[in-house]
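**Q** Data: start.tsv, TSV, C-alpha atoms.
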chain	number	residue	atom	x	y	z
A	11	MET	CA	7.70	12.70	-15.54
A	12	LEU	CA	9.10	14.67	-12.62
A	13	ASP	CA	6.18	13.62	-10.44
A	14	PHE	CA	6.85	9.98	-11.30
A	15	LEU	CA	10.53	10.28	-10.40
A	16	ALA	CA	9.60	12.11	-7.20
A	17	SER	CA	7.27	9.29	-6.17
A	18	ILE	CA	10.03	6.74	-6.79
A	19	GLY	CA	12.47	8.78	-4.73
A	20	ARG	CA	9.91	9.17	-1.95
A	21	VAL	CA	9.35	5.41	-1.77
A	22	PHE	CA	13.11	4.78	-1.82
A	23	PHE	CA	13.76	7.20	1.05
A	24	LEU	CA	10.88	5.71	3.05
A	25	PHE	CA	12.41	2.27	2.52
A	26	LEU	CA	15.80	3.51	3.72
A	27	ALA	CA	14.23	5.12	6.78
A	28	ALA	CA	12.34	1.91	7.66
A	29	THR	CA	15.49	-0.14	7.19
A	30	GLY	CA	17.42	2.21	9.47
A	31	ARG	CA	14.77	1.98	12.18
A	32	LEU	CA	14.82	-1.82	11.95
A	33	VAL	CA	18.62	-1.98	12.18
A	34	LEU	CA	18.69	0.34	15.19
A	35	PHE	CA	15.94	-1.72	16.83
A	36	ALA	CA	17.90	-4.93	16.26
A	37	ILE	CA	21.14	-3.42	17.60
A	38	ASP	CA	19.35	-2.13	20.69
A	39	ALA	CA	17.75	-5.51	21.32
A	40	VAL	CA	21.00	-7.45	20.88
A	41	THR	CA	22.94	-5.14	23.20
A	42	HIS	CA	20.26	-5.53	25.88
A	43	ALA	CA	20.58	-9.32	25.60
A	44	PHE	CA	24.05	-9.14	27.18
A	45	ARG	CA	23.16	-6.80	30.03
A	46	PRO	CA	21.56	-7.81	33.33
A	47	PRO	CA	18.94	-8.38	34.56
A	48	PHE	CA	18.08	-11.61	32.75
A	49	TYR	CA	14.49	-12.86	32.87
A	50	LEU	CA	15.14	-16.60	32.65
A	51	ARG	CA	11.55	-17.54	33.41
A	52	LEU	CA	10.30	-15.44	30.50
A	53	ILE	CA	12.93	-16.96	28.19
A	54	LEU	CA	11.87	-20.50	29.15
A	55	ARG	CA	8.22	-19.60	28.66
A	56	GLN	CA	8.95	-18.29	25.18
A	57	ILE	CA	10.97	-21.40	24.35
A	58	VAL	CA	7.93	-23.50	25.20
A	59	ASP	CA	5.54	-21.22	23.29
A	60	ILE	CA	7.71	-20.96	20.18
A	61	GLY	CA	9.28	-24.41	20.15
A	62	TYR	CA	7.02	-26.96	21.81
A	63	TYR	CA	3.71	-25.65	20.53
A	64	SER	CA	5.08	-25.38	16.98
A	65	LEU	CA	6.06	-29.04	16.82
A	66	PRO	CA	2.73	-30.36	15.39
A	67	VAL	CA	2.55	-27.95	12.47
A	68	VAL	CA	6.27	-28.29	11.70
A	69	GLY	CA	6.10	-32.08	11.89
A	70	LEU	CA	3.07	-32.34	9.58
A	71	THR	CA	4.62	-29.95	7.09
A	72	ALA	CA	7.95	-31.81	7.12
A	73	ILE	CA	6.56	-35.30	6.61
A	74	PHE	CA	4.38	-34.27	3.66
A	75	THR	CA	7.26	-32.26	2.19
A	76	GLY	CA	9.51	-35.33	2.34
A	77	MET	CA	6.83	-37.53	0.83
A	78	VAL	CA	6.16	-35.15	-2.05
A	79	LEU	CA	9.89	-34.67	-2.60
A	80	ALA	CA	10.46	-38.41	-2.90
A	81	LEU	CA	7.48	-38.77	-5.23
A	82	GLN	CA	8.51	-35.96	-7.55
A	83	THR	CA	12.18	-36.96	-7.51
A	84	HIS	CA	11.38	-40.53	-8.49
A	85	THR	CA	9.03	-39.33	-11.24
A	86	GLY	CA	11.68	-37.04	-12.71
A	87	PHE	CA	14.66	-39.35	-12.29
A	88	SER	CA	12.83	-42.31	-13.83
A	89	ARG	CA	13.12	-40.56	-17.19
A	90	PHE	CA	16.90	-40.90	-16.94
A	91	SER	CA	16.98	-44.30	-15.19
A	92	ALA	CA	18.43	-42.65	-12.07
A	93	GLU	CA	15.85	-43.75	-9.50
A	94	GLY	CA	18.62	-44.87	-7.15
A	95	ALA	CA	19.49	-41.24	-6.34
A	96	VAL	CA	16.13	-40.58	-4.67
A	97	ALA	CA	17.47	-41.15	-1.16
A	98	THR	CA	20.40	-38.81	-1.71
A	99	VAL	CA	18.26	-36.03	-3.14
A	100	VAL	CA	15.70	-36.31	-0.35
A	101	VAL	CA	18.19	-36.15	2.52
A	102	LEU	CA	20.31	-33.36	1.02
A	103	SER	CA	17.29	-31.27	0.03
A	104	MET	CA	15.69	-31.62	3.45
A	105	THR	CA	18.79	-30.88	5.52
A	106	ARG	CA	20.25	-28.11	3.37
A	107	GLU	CA	17.20	-26.27	2.09
A	108	LEU	CA	13.63	-27.46	2.52
A	109	GLY	CA	13.83	-28.32	6.21
A	110	PRO	CA	15.08	-24.90	7.36
A	111	VAL	CA	12.98	-22.86	4.92
A	112	ILE	CA	9.66	-24.71	5.22
A	113	ALA	CA	9.86	-25.01	9.00
A	114	SER	CA	10.82	-21.36	9.40
A	115	LEU	CA	7.99	-20.16	7.16
A	116	MET	CA	5.50	-22.17	9.19
A	117	VAL	CA	6.93	-20.80	12.45
A	118	ALA	CA	6.80	-17.28	10.99
A	119	GLY	CA	3.11	-17.70	10.22
A	120	ARG	CA	2.32	-19.00	13.67
A	121	VAL	CA	4.80	-17.32	16.01
A	122	GLY	CA	5.53	-14.07	14.16
A	123	ALA	CA	1.85	-13.19	14.07
A	124	SER	CA	1.43	-14.12	17.73
A	125	ILE	CA	4.38	-12.00	18.85
A	126	ALA	CA	3.25	-8.98	16.82
A	127	ALA	CA	-0.33	-9.26	18.09
A	128	GLU	CA	0.73	-9.63	21.74
A	129	ILE	CA	3.23	-6.78	21.79
A	130	GLY	CA	1.03	-4.62	19.55
A	131	THR	CA	-1.89	-5.01	21.93
A	132	MET	CA	0.36	-4.00	24.81
A	133	ARG	CA	1.48	-0.95	22.82
A	134	VAL	CA	-1.99	0.34	21.93
A	135	THR	CA	-3.27	-0.27	25.48
A	136	ASP	CA	-0.28	1.62	27.00
A	137	GLN	CA	1.03	-1.44	28.84
A	138	ILE	CA	4.53	-0.87	27.43
A	139	ASP	CA	4.49	2.68	28.80
A	140	ALA	CA	3.38	1.24	32.12
A	141	LEU	CA	6.42	-1.04	32.15
A	142	SER	CA	8.69	1.97	31.66
A	143	THR	CA	6.87	3.75	34.48
A	144	LEU	CA	7.58	0.76	36.75
A	145	SER	CA	11.32	0.97	35.87
A	146	THR	CA	11.17	-2.17	33.73
A	147	ASN	CA	12.98	-1.99	30.42
A	148	PRO	CA	10.51	-3.06	27.69
A	149	PHE	CA	13.32	-4.37	25.52
A	150	LYS	CA	14.63	-6.68	28.23
A	151	TYR	CA	11.15	-7.77	29.33
A	152	LEU	CA	9.43	-8.19	25.95
A	153	VAL	CA	11.92	-8.28	23.09
A	154	VAL	CA	15.05	-10.05	24.39
A	155	PRO	CA	13.29	-13.24	25.66
A	156	ARG	CA	11.56	-13.69	22.30
A	157	LEU	CA	14.74	-13.10	20.30
A	158	LEU	CA	16.71	-15.59	22.37
A	159	ALA	CA	13.92	-18.15	22.29
A	160	GLY	CA	13.50	-17.83	18.52
A	161	THR	CA	17.22	-18.18	17.90
A	162	ILE	CA	17.44	-21.26	20.14
A	163	THR	CA	14.26	-23.14	19.30
A	164	VAL	CA	14.01	-22.84	15.51
A	165	PRO	CA	17.22	-24.89	14.95
A	166	ALA	CA	15.77	-27.58	17.22
A	167	LEU	CA	12.53	-27.52	15.23
A	168	VAL	CA	14.46	-27.75	11.97
A	169	LEU	CA	16.42	-30.74	13.24
A	170	VAL	CA	13.15	-32.49	14.04
A	171	ALA	CA	11.76	-31.46	10.64
A	172	ASP	CA	14.82	-32.95	8.91
A	173	VAL	CA	14.32	-36.32	10.59
A	174	ILE	CA	10.57	-36.39	9.92
A	175	GLY	CA	10.99	-35.23	6.33
A	176	VAL	CA	13.58	-37.92	5.56
A	177	PHE	CA	11.27	-40.46	7.18
A	178	GLY	CA	8.42	-39.29	4.92
A	179	GLY	CA	10.60	-39.82	1.86
A	180	PHE	CA	11.56	-43.25	3.21
A	181	LEU	CA	7.89	-44.23	3.55
A	182	VAL	CA	7.05	-43.26	-0.02
A	183	ALA	CA	10.18	-44.83	-1.51
A	184	THR	CA	9.74	-48.16	0.27
A	185	SER	CA	5.96	-48.53	0.16
A	186	ARG	CA	5.14	-47.03	-3.25
A	187	PHE	CA	8.26	-47.62	-5.35
A	188	GLY	CA	9.56	-50.83	-3.77
A	189	PHE	CA	12.93	-49.57	-2.50
A	190	ASN	CA	14.80	-51.88	-0.16
A	191	PRO	CA	14.57	-50.29	3.34
A	192	SER	CA	18.10	-51.16	4.43
A	193	ALA	CA	19.60	-50.02	1.11
A	194	TYR	CA	17.67	-46.76	1.30
A	195	ILE	CA	18.86	-46.06	4.85
A	196	GLY	CA	22.41	-47.00	3.92
A	197	GLN	CA	22.46	-44.66	0.95
A	198	THR	CA	21.01	-41.88	3.09
A	199	SER	CA	23.72	-42.23	5.73
A	200	ASP	CA	26.52	-42.65	3.18
A	201	TYR	CA	25.86	-39.37	1.37
A	202	LEU	CA	24.84	-37.26	4.36
A	203	GLN	CA	27.68	-35.22	5.83
A	204	ARG	CA	27.95	-33.20	9.00
A	205	GLU	CA	28.29	-29.97	7.01
A	206	ASP	CA	24.88	-30.54	5.40
A	207	VAL	CA	23.13	-30.67	8.76
A	208	MET	CA	25.16	-27.85	10.31
A	209	SER	CA	24.52	-25.50	7.40
A	210	GLY	CA	20.79	-26.04	7.82
A	211	LEU	CA	21.00	-25.37	11.55
A	212	VAL	CA	22.97	-22.16	10.96
A	213	LYS	CA	20.25	-21.03	8.57
A	214	ALA	CA	17.60	-21.96	11.11
A	215	ALA	CA	19.24	-19.86	13.84
A	216	VAL	CA	19.29	-16.83	11.53
A	217	PHE	CA	15.69	-17.47	10.48
A	218	GLY	CA	14.58	-17.77	14.11
A	219	PHE	CA	16.20	-14.44	14.93
A	220	ILE	CA	14.48	-12.84	11.92
A	221	ILE	CA	11.06	-14.21	12.88
A	222	ALA	CA	11.26	-12.94	16.44
A	223	LEU	CA	12.80	-9.63	15.37
A	224	MET	CA	10.10	-8.82	12.82
A	225	GLY	CA	7.32	-9.80	15.20
A	226	CYS	CA	8.73	-7.66	18.01
A	227	TYR	CA	9.54	-4.72	15.73
A	228	HIS	CA	6.13	-4.44	14.10
A	229	GLY	CA	4.30	-5.08	17.35
A	230	TYR	CA	6.43	-2.56	19.25
A	231	HIS	CA	5.75	0.19	16.67
A	232	SER	CA	2.07	-0.54	16.05
A	233	ARG	CA	-0.33	2.37	16.24
A	234	GLY	CA	-4.02	2.99	15.75
A	235	GLY	CA	-5.88	0.57	18.00
A	236	ALA	CA	-7.19	-2.79	16.80
A	237	GLU	CA	-6.67	-1.88	13.15
A	238	GLY	CA	-3.03	-1.05	13.80
A	239	VAL	CA	-2.50	-4.36	15.60
A	240	GLY	CA	-3.97	-6.24	12.64
A	241	ALA	CA	-1.70	-4.37	10.23
A	242	ALA	CA	1.33	-5.05	12.44
A	243	THR	CA	0.51	-8.76	12.47
A	244	THR	CA	0.26	-8.87	8.69
A	245	HIS	CA	3.46	-6.89	8.20
A	246	ALA	CA	5.34	-9.12	10.63
A	247	VAL	CA	4.45	-12.32	8.79
A	248	VAL	CA	5.02	-10.91	5.29
A	249	SER	CA	8.31	-9.18	6.10
A	250	ALA	CA	9.64	-12.20	8.02
A	251	SER	CA	8.80	-14.53	5.11
A	252	ILE	CA	10.50	-12.26	2.57
A	253	MET	CA	13.59	-11.83	4.74
A	254	ILE	CA	13.79	-15.59	5.30
A	255	LEU	CA	13.87	-16.24	1.56
A	256	LEU	CA	16.35	-13.42	0.96
A	257	SER	CA	18.69	-14.49	3.74
A	258	ASP	CA	18.37	-18.11	2.58
A	259	TYR	CA	19.90	-17.18	-0.77
A	260	LEU	CA	22.64	-15.12	0.85
A	261	LEU	CA	23.52	-17.83	3.36
A	262	SER	CA	23.46	-20.52	0.68
A	263	SER	CA	25.87	-18.54	-1.46
A	264	VAL	CA	28.23	-18.21	1.52
A	265	LEU	CA	27.94	-21.71	2.99
A	266	PHE	CA	28.07	-23.59	-0.31
Let me see whether you can do it: turn the structure in this file into structure tokens.
**A**
Amino acid sequence: MLDFLASIGRVFFLFLAATGRLVLFAIDAVTHAFRPPFYLRLILRQIVDIGYYSLPVVGLTAIFTGMVLALQTHTGFSRFSAEGAVATVVVLSMTRELGPVIASLMVAGRVGASIAAEIGTMRVTDQIDALSTLSTNPFKYLVVPRLLAGTITVPALVLVADVIGVFGGFLVATSRFGFNPSAYIGQTSDYLQREDVMSGLVKAAVFGFIIALMGCYHGYHSRGGAEGVGAATTHAVVSASIMILLSDYLLSSVLF
């Protein structure tokens, strides 16, 4: 019994230590973001890598999410003769919840793994130590551009995902269930408020910061050669996905 309690305490203290290291890493990265020099070219490159190259996967995910949402909503609401609320449910679900969460999870799988693998490879091949030797701060050169790019580009991706997802619901509702296109669009615009879109964009900014932070943190602290880089990549994606879902609940409870 004592051994069991000791193992639980050991895991708990290891969790607290890892959380402390992550918080200190985030604080250090954020403070460096406001100090010169600023590598604008690296920030723009990361914006292109994270934002532009993620558009296809985010767009495909969003349109099929909107289509499935409209299909399932109509199937459920038809039992209560409430099919007319399909447009409202689709637009509110996409802008408030599904757009930010689904898009961020897809970006975490693509970008979080890429960031962790890139920085982890630099760590195990001593390139980060070489940057320090050349009087270049690794945080400002590697971490800060990715954090800023993630925080800026994920809201833009989510905004695109919202539009595409609502369009997917529109296609299913008008082509499969015979909704009037103008009535569907009118109901969508009537029930959509600015706060619905802004709350989703606030979530997306937090999710983008989390994705970049977890990728940089696990890549920066990777050890053990190729095996360590693979483990860092896996940990970055899993931890970012869990933190996205956790922060989504916390933000939803605050914003709504």
**Q** Which value, in Å to one decimal, gives the distance between CA of Asp59 (chain A) and CA of Arg156 (chain A)?
**A**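 So the answer is 9.7 Å.
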**Q** Just the number, please: distance in Å from CA of Ser192 (chain A) to CA of Pro110 (chain A), one decimal.
**A** 26.6 Å
**Q** One decimal, Å: what's the distance from CA of Leu158 (chain A) over to CA of Gly130 (chain A), could you say?
**A**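 That distance, rounded to one decimal, is 19.3 Å.
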**Q** Which residues, written as a PDB file with C-alpha atoms, keeping the file's coordinate frame, have at least one atom at most 12 Å from Pro66 (chain A), with all atoms listed in the file counted and residues fewer than 6 positions away on the same chain left out?
**A**
ATOM      1  CA  ILE A  60       7.710 -20.960  20.180  1.00  0.00           C
ATOM      2  CA  ALA A  72       7.950 -31.810   7.120  1.00  0.00           C
ATOM      3  CA  ILE A  73       6.560 -35.300   6.610  1.00  0.00           C
ATOM      4  CA  ALA A 113       9.860 -25.010   9.000  1.00  0.00           C
ATOM      5  CA  MET A 116       5.500 -22.170   9.190  1.00  0.00           C
ATOM      6  CA  VAL A 117       6.930 -20.800  12.450  1.00  0.00           C
ATOM      7  CA  ARG A 120       2.320 -19.000  13.670  1.00  0.00           C
ATOM      8  CA  LEU A 167      12.530 -27.520  15.230  1.00  0.00           C
ATOM      9  CA  VAL A 170      13.150 -32.490  14.040  1.00  0.00           C
ATOM     10  CA  ALA A 171      11.760 -31.460  10.640  1.00  0.00           C
ATOM     11  CA  ILE A 174      10.570 -36.390   9.920  1.00  0.00           C
TER      12      ILE A 174
END
**Q** Excluding region 48-50 of chain A and any residue of its chain fewer than 6 positions from it, enumerate the residues within 8 Å of it, using all atoms listed in the file, and give them as a PyMOL selection string.
**A** chain A and resi 150-151+155
**Q** Which protein, DNA or RNA residues have an atom at most 9 Å from (9.9, -11.9, 18.4), counting only C-alpha atoms? List them as a PyMOL selection string.
**A** chain A and resi 121-122+124-126+152-160+218-227+229
**Q** Which residue out of A:Thr244, A:Ser145, A:Thr41, A:Thr184 has the minimum interatomic distance to Ser232 (chain A) when only C-alpha atoms are used?
**A** A:Thr244
**Q** Which residues are near region 83-88 of chain A? Cut-off 10 Å, only C-alpha atoms, ignore same chain within fewer than 4 positions. Put them as a list in words.
**A**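 Here the answer would be Met77, Val78, Leu79, Ala92, Glu93, Gly94, Ala95, Val96, Ala97, Val99, Val100, Gly179, Val182, Ala183 and Phe187 of chain A.
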**Q** Using all atoms listed in the file, pick whichever of A:Ser91, A:Thr105, A:Thr98, A:Ser263 has the shortest atom-to-atom distance to Ser199 (chain A).
**A**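 Ranking A:Ser91, A:Thr105, A:Thr98, A:Ser263 by distance to Ser199 (chain A), first place goes to A:Thr98.
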**Q** Looking at all atoms listed in the file, which of A:Val264, A:Leu115, A:Ala127, A:Ile195 is the one that sits closest to Ala250 (chain A)?
**A**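 So, comparing all the options, the nearest one is A:Leu115.
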**Q** Would you please work out which residue, of A:Val40, A:Ala242, A:Ile112, A:Ile57, is nearest to Gly175 (chain A) when using all atoms listed in the file?
**A**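 For Gly175 (chain A), the nearest of the candidates is A:Ile112.
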**Q** Would you kindly place N, CA, C and O atoms on region 172-197 of chain A and return the model as a tab-separated table (two decimals), keeping the file's coordinate frame?
**A**
chain	number	residue	atom	x	y	z
A	172	ASP	N	13.94	-32.17	9.78
A	172	ASP	CA	14.82	-32.95	8.91
A	172	ASP	C	14.58	-34.45	9.08
A	172	ASP	O	14.44	-35.19	8.09
A	173	VAL	N	14.51	-34.89	10.32
A	173	VAL	CA	14.32	-36.32	10.59
A	173	VAL	C	12.96	-36.77	10.07
A	173	VAL	O	12.84	-37.81	9.39
A	174	ILE	N	11.92	-36.00	10.35
A	174	ILE	CA	10.57	-36.39	9.92
A	174	ILE	C	10.45	-36.34	8.41
A	174	ILE	O	9.81	-37.20	7.79
A	175	GLY	N	11.05	-35.33	7.78
A	175	GLY	CA	10.99	-35.23	6.33
A	175	GLY	C	11.70	-36.39	5.64
A	175	GLY	O	11.18	-36.95	4.65
A	176	VAL	N	12.87	-36.77	6.12
A	176	VAL	CA	13.58	-37.92	5.56
A	176	VAL	C	12.77	-39.19	5.77
A	176	VAL	O	12.71	-40.07	4.89
A	177	PHE	N	12.12	-39.29	6.92
A	177	PHE	CA	11.27	-40.46	7.18
A	177	PHE	C	10.08	-40.50	6.21
A	177	PHE	O	9.68	-41.57	5.74
A	178	GLY	N	9.51	-39.33	5.90
A	178	GLY	CA	8.42	-39.29	4.92
A	178	GLY	C	8.87	-39.75	3.55
A	178	GLY	O	8.16	-40.51	2.87
A	179	GLY	N	10.06	-39.33	3.12
A	179	GLY	CA	10.60	-39.82	1.86
A	179	GLY	C	10.86	-41.32	1.90
A	179	GLY	O	10.64	-42.03	0.90
A	180	PHE	N	11.33	-41.82	3.04
A	180	PHE	CA	11.56	-43.25	3.21
A	180	PHE	C	10.26	-44.04	3.06
A	180	PHE	O	10.23	-45.09	2.40
A	181	LEU	N	9.17	-43.54	3.65
A	181	LEU	CA	7.89	-44.23	3.55
A	181	LEU	C	7.42	-44.33	2.10
A	181	LEU	O	6.98	-45.40	1.65
A	182	VAL	N	7.51	-43.25	1.37
A	182	VAL	CA	7.05	-43.26	-0.02
A	182	VAL	C	7.94	-44.16	-0.87
A	182	VAL	O	7.45	-44.94	-1.70
A	183	ALA	N	9.26	-44.05	-0.68
A	183	ALA	CA	10.18	-44.83	-1.51
A	183	ALA	C	10.02	-46.33	-1.28
A	183	ALA	O	10.08	-47.12	-2.23
A	184	THR	N	9.82	-46.74	-0.03
A	184	THR	CA	9.74	-48.16	0.27
A	184	THR	C	8.36	-48.75	0.01
A	184	THR	O	8.25	-49.90	-0.44
A	185	SER	N	7.32	-47.99	0.30
A	185	SER	CA	5.96	-48.53	0.16
A	185	SER	C	5.40	-48.38	-1.25
A	185	SER	O	4.66	-49.24	-1.74
A	186	ARG	N	5.73	-47.29	-1.94
A	186	ARG	CA	5.14	-47.03	-3.25
A	186	ARG	C	6.03	-47.50	-4.39
A	186	ARG	O	5.54	-48.01	-5.40
A	187	PHE	N	7.35	-47.32	-4.24
A	187	PHE	CA	8.26	-47.62	-5.35
A	187	PHE	C	9.09	-48.88	-5.11
A	187	PHE	O	9.93	-49.21	-5.95
A	188	GLY	N	8.91	-49.54	-3.99
A	188	GLY	CA	9.56	-50.83	-3.77
A	188	GLY	C	11.04	-50.77	-3.45
A	188	GLY	O	11.77	-51.74	-3.69
A	189	PHE	N	11.52	-49.65	-2.89
A	189	PHE	CA	12.93	-49.57	-2.50
A	189	PHE	C	13.19	-50.51	-1.32
A	189	PHE	O	12.34	-50.71	-0.46
A	190	ASN	N	14.40	-51.06	-1.29
A	190	ASN	CA	14.80	-51.88	-0.16
A	190	ASN	C	15.06	-50.97	1.04
A	190	ASN	O	15.86	-50.03	0.95
A	191	PRO	N	14.42	-51.21	2.18
A	191	PRO	CA	14.57	-50.29	3.34
A	191	PRO	C	16.02	-50.15	3.81
A	191	PRO	O	16.49	-49.03	4.07
A	192	SER	N	16.73	-51.25	3.93
A	192	SER	CA	18.10	-51.16	4.43
A	192	SER	C	19.01	-50.46	3.43
A	192	SER	O	19.90	-49.68	3.82
A	193	ALA	N	18.80	-50.70	2.13
A	193	ALA	CA	19.60	-50.02	1.11
A	193	ALA	C	19.31	-48.53	1.09
A	193	ALA	O	20.22	-47.71	0.92
A	194	TYR	N	18.03	-48.17	1.28
A	194	TYR	CA	17.67	-46.76	1.30
A	194	TYR	C	18.32	-46.05	2.48
A	194	TYR	O	18.88	-44.96	2.34
A	195	ILE	N	18.25	-46.66	3.66
A	195	ILE	CA	18.86	-46.06	4.85
A	195	ILE	C	20.37	-45.98	4.70
A	195	ILE	O	21.01	-44.98	5.08
A	196	GLY	N	20.98	-47.02	4.12
A	196	GLY	CA	22.41	-47.00	3.92
A	196	GLY	C	22.85	-45.91	2.97
A	196	GLY	O	23.86	-45.22	3.22
A	197	GLN	N	22.12	-45.72	1.89
A	197	GLN	CA	22.46	-44.66	0.95
A	197	GLN	C	22.27	-43.28	1.59
A	197	GLN	O	23.06	-42.36	1.34
